[in-house]
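Have a look at final-v4.txt below; it lists compact mmCIF, C-alpha atoms.
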# COMPACT_ATOMS: atom_id res chain seq x y z
CA MET A 194 -36.80 24.79 1.62
CA LYS A 195 -33.31 25.64 0.42
CA ASN A 196 -31.05 23.17 -1.36
CA PRO A 197 -28.35 21.56 0.79
CA SER A 198 -24.84 22.96 0.44
CA SER A 199 -22.11 20.96 -1.28
CA LEU A 200 -20.64 20.15 2.12
CA ASP A 201 -24.00 18.88 3.40
CA PHE A 202 -24.39 16.81 0.23
CA LEU A 203 -20.91 15.30 0.77
CA THR A 204 -21.70 14.53 4.40
CA GLU A 205 -24.94 12.78 3.44
CA ALA A 206 -23.14 10.80 0.74
CA LEU A 207 -20.49 9.65 3.23
CA ARG A 208 -23.23 8.42 5.58
CA ARG A 209 -24.00 5.70 3.02
CA LEU A 210 -20.77 3.95 3.96
CA PRO A 211 -21.17 1.06 6.42
CA GLY A 212 -20.40 2.05 10.00
CA VAL A 213 -20.32 5.77 9.25
CA GLY A 214 -22.83 7.77 11.26
CA PRO A 215 -23.68 11.47 11.03
CA LYS A 216 -20.80 12.71 13.20
CA SER A 217 -18.20 10.51 11.50
CA ALA A 218 -19.45 11.57 8.07
CA GLN A 219 -19.19 15.21 9.06
CA ARG A 220 -15.64 14.73 10.42
CA ILE A 221 -14.55 12.97 7.21
CA ALA A 222 -16.09 15.67 5.02
CA TYR A 223 -14.42 18.45 7.02
CA HIS A 224 -11.09 16.62 6.99
CA LEU A 225 -11.16 16.15 3.23
CA MET A 226 -12.08 19.76 2.57
CA GLN A 227 -9.63 21.23 5.07
CA HIS A 228 -6.62 18.90 4.89
CA ASP A 229 -6.81 16.68 1.81
CA ARG A 230 -8.57 18.19 -1.16
CA GLU A 231 -6.20 16.32 -3.48
CA GLY A 232 -7.19 13.05 -1.79
CA ALA A 233 -10.86 13.98 -2.11
CA ALA A 234 -10.44 14.63 -5.84
CA LEU A 235 -8.61 11.30 -6.24
CA MET A 236 -11.41 9.48 -4.38
CA SER A 237 -13.98 11.19 -6.57
CA ARG A 238 -12.23 10.11 -9.78
CA ALA A 239 -11.62 6.55 -8.53
CA LEU A 240 -15.22 6.14 -7.42
CA SER A 241 -16.57 7.54 -10.67
CA GLU A 242 -14.35 5.22 -12.71
CA ALA A 243 -15.25 2.16 -10.63
CA VAL A 244 -18.99 2.86 -10.95
CA GLU A 245 -18.53 3.18 -14.70
CA ARG A 246 -16.33 0.13 -15.30
CA VAL A 247 -16.98 -2.52 -12.61
CA LYS A 248 -19.69 -5.09 -13.31
CA HIS A 249 -20.55 -8.68 -12.37
CA CYS A 250 -18.81 -11.70 -13.90
CA ALA A 251 -21.20 -13.57 -16.18
CA LEU A 252 -20.18 -16.88 -14.61
CA CYS A 253 -19.45 -16.36 -10.92
CA ASN A 254 -21.13 -13.01 -10.20
CA THR A 255 -18.06 -11.41 -8.57
CA PHE A 256 -16.82 -7.93 -9.47
CA THR A 257 -14.80 -7.57 -12.66
CA GLU A 258 -14.18 -5.09 -15.44
CA ASN A 259 -14.55 -7.81 -18.09
CA GLU A 260 -17.41 -10.08 -19.12
CA ILE A 261 -15.71 -12.99 -17.31
CA CYS A 262 -13.32 -12.55 -14.37
CA GLU A 263 -9.70 -13.73 -14.26
CA THR A 264 -10.49 -16.54 -11.80
CA CYS A 265 -13.13 -18.06 -14.06
CA LEU A 266 -10.77 -17.81 -17.05
CA ASP A 267 -7.89 -19.51 -15.20
CA THR A 268 -7.49 -22.95 -16.83
CA GLU A 269 -5.32 -24.11 -13.91
CA ARG A 270 -8.30 -24.06 -11.52
CA ASP A 271 -10.32 -27.17 -10.68
CA ALA A 272 -13.64 -26.64 -12.47
CA THR A 273 -15.21 -29.61 -10.64
CA GLN A 274 -15.29 -27.67 -7.36
CA LEU A 275 -17.46 -24.60 -6.82
CA CYS A 276 -17.21 -22.55 -3.64
CA VAL A 277 -20.22 -20.39 -2.75
CA VAL A 278 -19.47 -17.22 -0.77
CA GLU A 279 -21.53 -14.20 0.26
CA THR A 280 -19.25 -11.39 -0.91
CA PRO A 281 -16.15 -10.70 -3.02
CA GLY A 282 -14.37 -9.99 0.28
CA ASP A 283 -15.14 -13.54 1.46
CA GLN A 284 -13.78 -14.87 -1.84
CA LEU A 285 -10.58 -12.89 -1.34
CA MET A 286 -10.11 -14.28 2.17
CA ILE A 287 -10.47 -17.88 0.94
CA GLU A 288 -8.04 -17.16 -1.90
CA GLN A 289 -5.49 -15.83 0.58
CA THR A 290 -5.46 -19.18 2.40
CA LEU A 291 -4.12 -20.85 -0.79
CA THR A 292 -6.14 -23.97 0.10
CA PHE A 293 -8.93 -23.86 -2.48
CA LYS A 294 -8.10 -24.31 -6.16
CA GLY A 295 -11.63 -24.52 -7.56
CA LEU A 296 -13.99 -21.86 -8.88
CA TYR A 297 -16.43 -19.58 -7.07
CA PHE A 298 -19.94 -18.24 -7.08
CA VAL A 299 -20.49 -14.96 -5.21
CA LEU A 300 -24.04 -14.44 -3.93
CA MET A 301 -23.60 -10.72 -3.20
CA GLY A 302 -25.57 -11.18 0.00
CA ARG A 303 -27.50 -13.78 1.98
CA LEU A 304 -31.09 -14.78 2.54
CA SER A 305 -32.74 -12.42 5.00
CA PRO A 306 -36.55 -12.49 4.99
CA LEU A 307 -36.69 -9.70 7.59
CA ASP A 308 -34.82 -7.43 5.15
CA GLY A 309 -36.86 -8.65 2.19
CA ILE A 310 -33.96 -10.58 0.61
CA GLY A 311 -35.11 -13.83 -0.95
CA PRO A 312 -33.65 -16.43 -3.35
CA LYS A 313 -34.26 -14.28 -6.44
CA ASP A 314 -32.26 -11.41 -4.94
CA LEU A 315 -29.20 -13.69 -4.65
CA HIS A 316 -29.29 -14.93 -8.25
CA LEU A 317 -29.72 -18.51 -7.01
CA ASP A 318 -31.07 -19.52 -10.42
CA LYS A 319 -27.69 -18.51 -11.88
CA LEU A 320 -25.91 -20.49 -9.15
CA ILE A 321 -28.00 -23.60 -9.84
CA ALA A 322 -27.30 -23.33 -13.57
CA ARG A 323 -23.56 -23.04 -12.86
CA ALA A 324 -23.54 -25.90 -10.34
CA THR A 325 -25.47 -28.24 -12.65
CA ASP A 326 -23.42 -27.55 -15.78
CA GLY A 327 -22.19 -31.15 -15.90
CA VAL A 328 -18.65 -30.19 -14.85
CA VAL A 329 -19.14 -29.31 -11.17
CA THR A 330 -19.18 -32.35 -8.87
CA GLU A 331 -18.86 -30.66 -5.47
CA VAL A 332 -20.25 -27.40 -4.11
CA VAL A 333 -18.52 -26.01 -1.01
CA LEU A 334 -20.79 -23.71 0.99
CA ALA A 335 -18.69 -20.98 2.59
CA THR A 336 -21.39 -18.60 3.74
CA ASN A 337 -20.89 -16.90 7.10
CA PHE A 338 -21.89 -18.60 10.34
CA THR A 339 -24.63 -16.08 11.10
CA ASN A 340 -28.31 -17.02 11.25
CA GLU A 341 -28.79 -15.65 7.73
CA GLY A 342 -25.63 -17.36 6.44
CA GLU A 343 -26.73 -20.68 7.92
CA ALA A 344 -30.22 -20.32 6.41
CA THR A 345 -28.66 -19.51 3.04
CA ALA A 346 -26.35 -22.53 3.22
CA HIS A 347 -29.24 -24.81 4.19
CA TYR A 348 -31.44 -23.55 1.35
CA ILE A 349 -28.69 -23.98 -1.24
CA SER A 350 -27.69 -27.38 0.15
CA GLU A 351 -31.22 -28.75 -0.04
CA THR A 352 -31.70 -27.34 -3.54
CA LEU A 353 -28.46 -28.81 -4.91
CA LYS A 354 -28.65 -32.20 -3.17
CA THR A 355 -31.89 -32.93 -5.02
CA ARG A 356 -29.90 -32.50 -8.23
CA GLY A 357 -27.36 -35.15 -7.25
CA LEU A 358 -24.47 -32.87 -6.34
CA LYS A 359 -22.09 -33.40 -3.44
CA VAL A 360 -22.49 -30.46 -1.09
CA SER A 361 -20.06 -29.69 1.73
CA ARG A 362 -19.87 -26.91 4.32
CA LEU A 363 -16.88 -25.17 5.86
CA ALA A 364 -16.02 -26.67 9.24
CA ARG A 365 -16.48 -24.55 12.34
CA GLY A 366 -14.50 -24.63 15.49
CA VAL A 367 -11.84 -23.17 17.73
CA PRO A 368 -9.72 -20.56 15.95
CA VAL A 369 -6.05 -21.26 15.33
CA GLY A 370 -4.12 -20.03 18.35
CA GLY A 371 -7.30 -19.84 20.42
CA GLU A 372 -7.41 -20.97 24.03
CA LEU A 373 -10.51 -22.89 25.07
CA GLU A 374 -10.89 -20.81 28.21
CA TYR A 375 -11.57 -17.73 26.08
CA VAL A 376 -13.69 -19.30 23.33
CA ASP A 377 -17.48 -19.05 23.58
CA ALA A 378 -19.45 -22.19 24.46
CA GLY A 379 -21.27 -22.28 21.10
CA THR A 380 -18.00 -22.42 19.18
CA ILE A 381 -16.63 -25.17 21.43
CA ALA A 382 -19.86 -27.14 21.07
CA ARG A 383 -19.72 -26.89 17.28
CA ALA A 384 -16.03 -27.88 17.27
CA MET A 385 -16.90 -30.95 19.34
CA LEU A 386 -19.74 -31.92 17.01
CA ASP A 387 -17.62 -31.38 13.89
CA ARG A 388 -14.57 -33.19 15.26
CA ARG A 389 -12.66 -35.53 12.94
CA SER A 390 -10.26 -38.39 13.43
CA THR A 391 -6.52 -37.69 13.43
So that I can check it, write out the structure of this file as structure tokens.
Amino acid sequence: MKNPSSLDFLTEALRRLPGVGPKSAQRIAYHLMQHDREGAALMSRALSEAVERVKHCALCNTFTENEICETCLDTERDATQLCVVETPGDQLMIEQTLTFKGLYFVLMGRLSPLDGIGPKDLHLDKLIARATDGVVTEVVLATNFTNEGEATAHYISETLKTRGLKVSRLARGVPVGGELEYVDAGTIARAMLDRRST
């Protein structure tokens, strides 16, 4: 069997990206080679540099180029609050709201027994050590509202409550600007159950 060509190798590499199937990978590869070789070279250098330099923060597990990330080093943040998220992208979204001034722990995934992802795969021992450091008083669970995210939040909540920590969960409900007529029944039901006084 002959070795794959460089173009085939590129196409297969591009298929590793989420949401990119065989045809899309082939189109991207052809586009880069035909119309944007300079862009392809730039992507190659950027990817190589990121793989070499980016690692996990020793405290919160997010991506950083240093031992400890800038957020964890920020003395202006409230170290008594720890927000648990699934991914660095989730952390970024919460930061953009400008509503949370505490620190984070990034799981880099969620519990998913069907995919073979258990507590050890999410570094939950590291999370527990961080949450029980004597400084943290509240853990905010901001995992996604998927079945796996809910299971992850429940597992973490039960684990931390037994250690005397206050554990809260992001509220769920009708999106800002949403009209009830167009919101699914499950979201409306959850909004009704999680209602608060005004």
Item to check | Residues within 12 Å of range 251-254 of chain A, only C-alpha atoms, excluding chain neighbours under 4 positions, as a PyMOL selection string | outcome: chain A and resi 247+258-266+272+275-281+284+295-302+315-324+326
Checklist outcome for this item: Residue with the minimum atom-to-atom distance to Met385 in chain A, picked from A:Val369, A:Gln289, A:Met236, A:Ala364 with only C-alpha atoms counted, is A:Ala364
Checklist entry - Counting only C-alpha atoms, what is within 9 Å of Thr380 in chain A, bar same-chain residues fewer than 6 positions away, as an MDAnalysis selection string? => result chainID A and resid 365:367
Checklist entry - For Gly342 in chain A, which residue out of A:Ile287, A:Leu225, A:Leu358, A:Leu304 is the nearest one, using all atoms listed in the file? => result A:Leu304
Item to check | Among listed residues A:Thr204, A:Gln274, A:Thr352, A:Thr292, nearest Val332 in chain A (using only C-alpha atoms) | outcome: A:Gln274
Checklist entry - CA of Lys359 in chain A to CA of Val333 in chain A: how many Å, to one decimal? => result 8.6 Å
Next on the checklist: Between A:Lys354, A:Lys248, A:Arg388, A:Arg303, which residue has the minimum interatomic distance to Asn340 in chain A, considering all atoms listed in the file?
Outcome noted: A:Arg303
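The gap separating CA of Glu341 in chain A from CA of Pro306 in chain A is 8.8 Å, in Å to one decimal.
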Return as AutoDock Vina command-line options the box centre and box size in Å, one decimal, for an axis-aligned box around all listed atoms of range 271-277 of chain A padded by 8 Å per side.
--center_x -15.3 --center_y -25.0 --center_z -7.6 --size_x 25.9 --size_y 25.2 --size_z 25.7
Checklist entry - From the list A:Gly282, A:Glu231, A:Val328, A:Phe338, which residue is nearest Phe256 in chain A when using only C-alpha atoms? => result A:Gly282
Checklist outcome for this item: A straight line from CA of Leu334 in chain A to CA of Asp377 in chain A spans 23.3 Å
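Among A:Thr336, A:Gln227, A:Thr325, A:Gln219, the residue with the shortest atom-to-atom distance to Thr273 in chain A, counting all atoms listed in the file, is A:Thr325.
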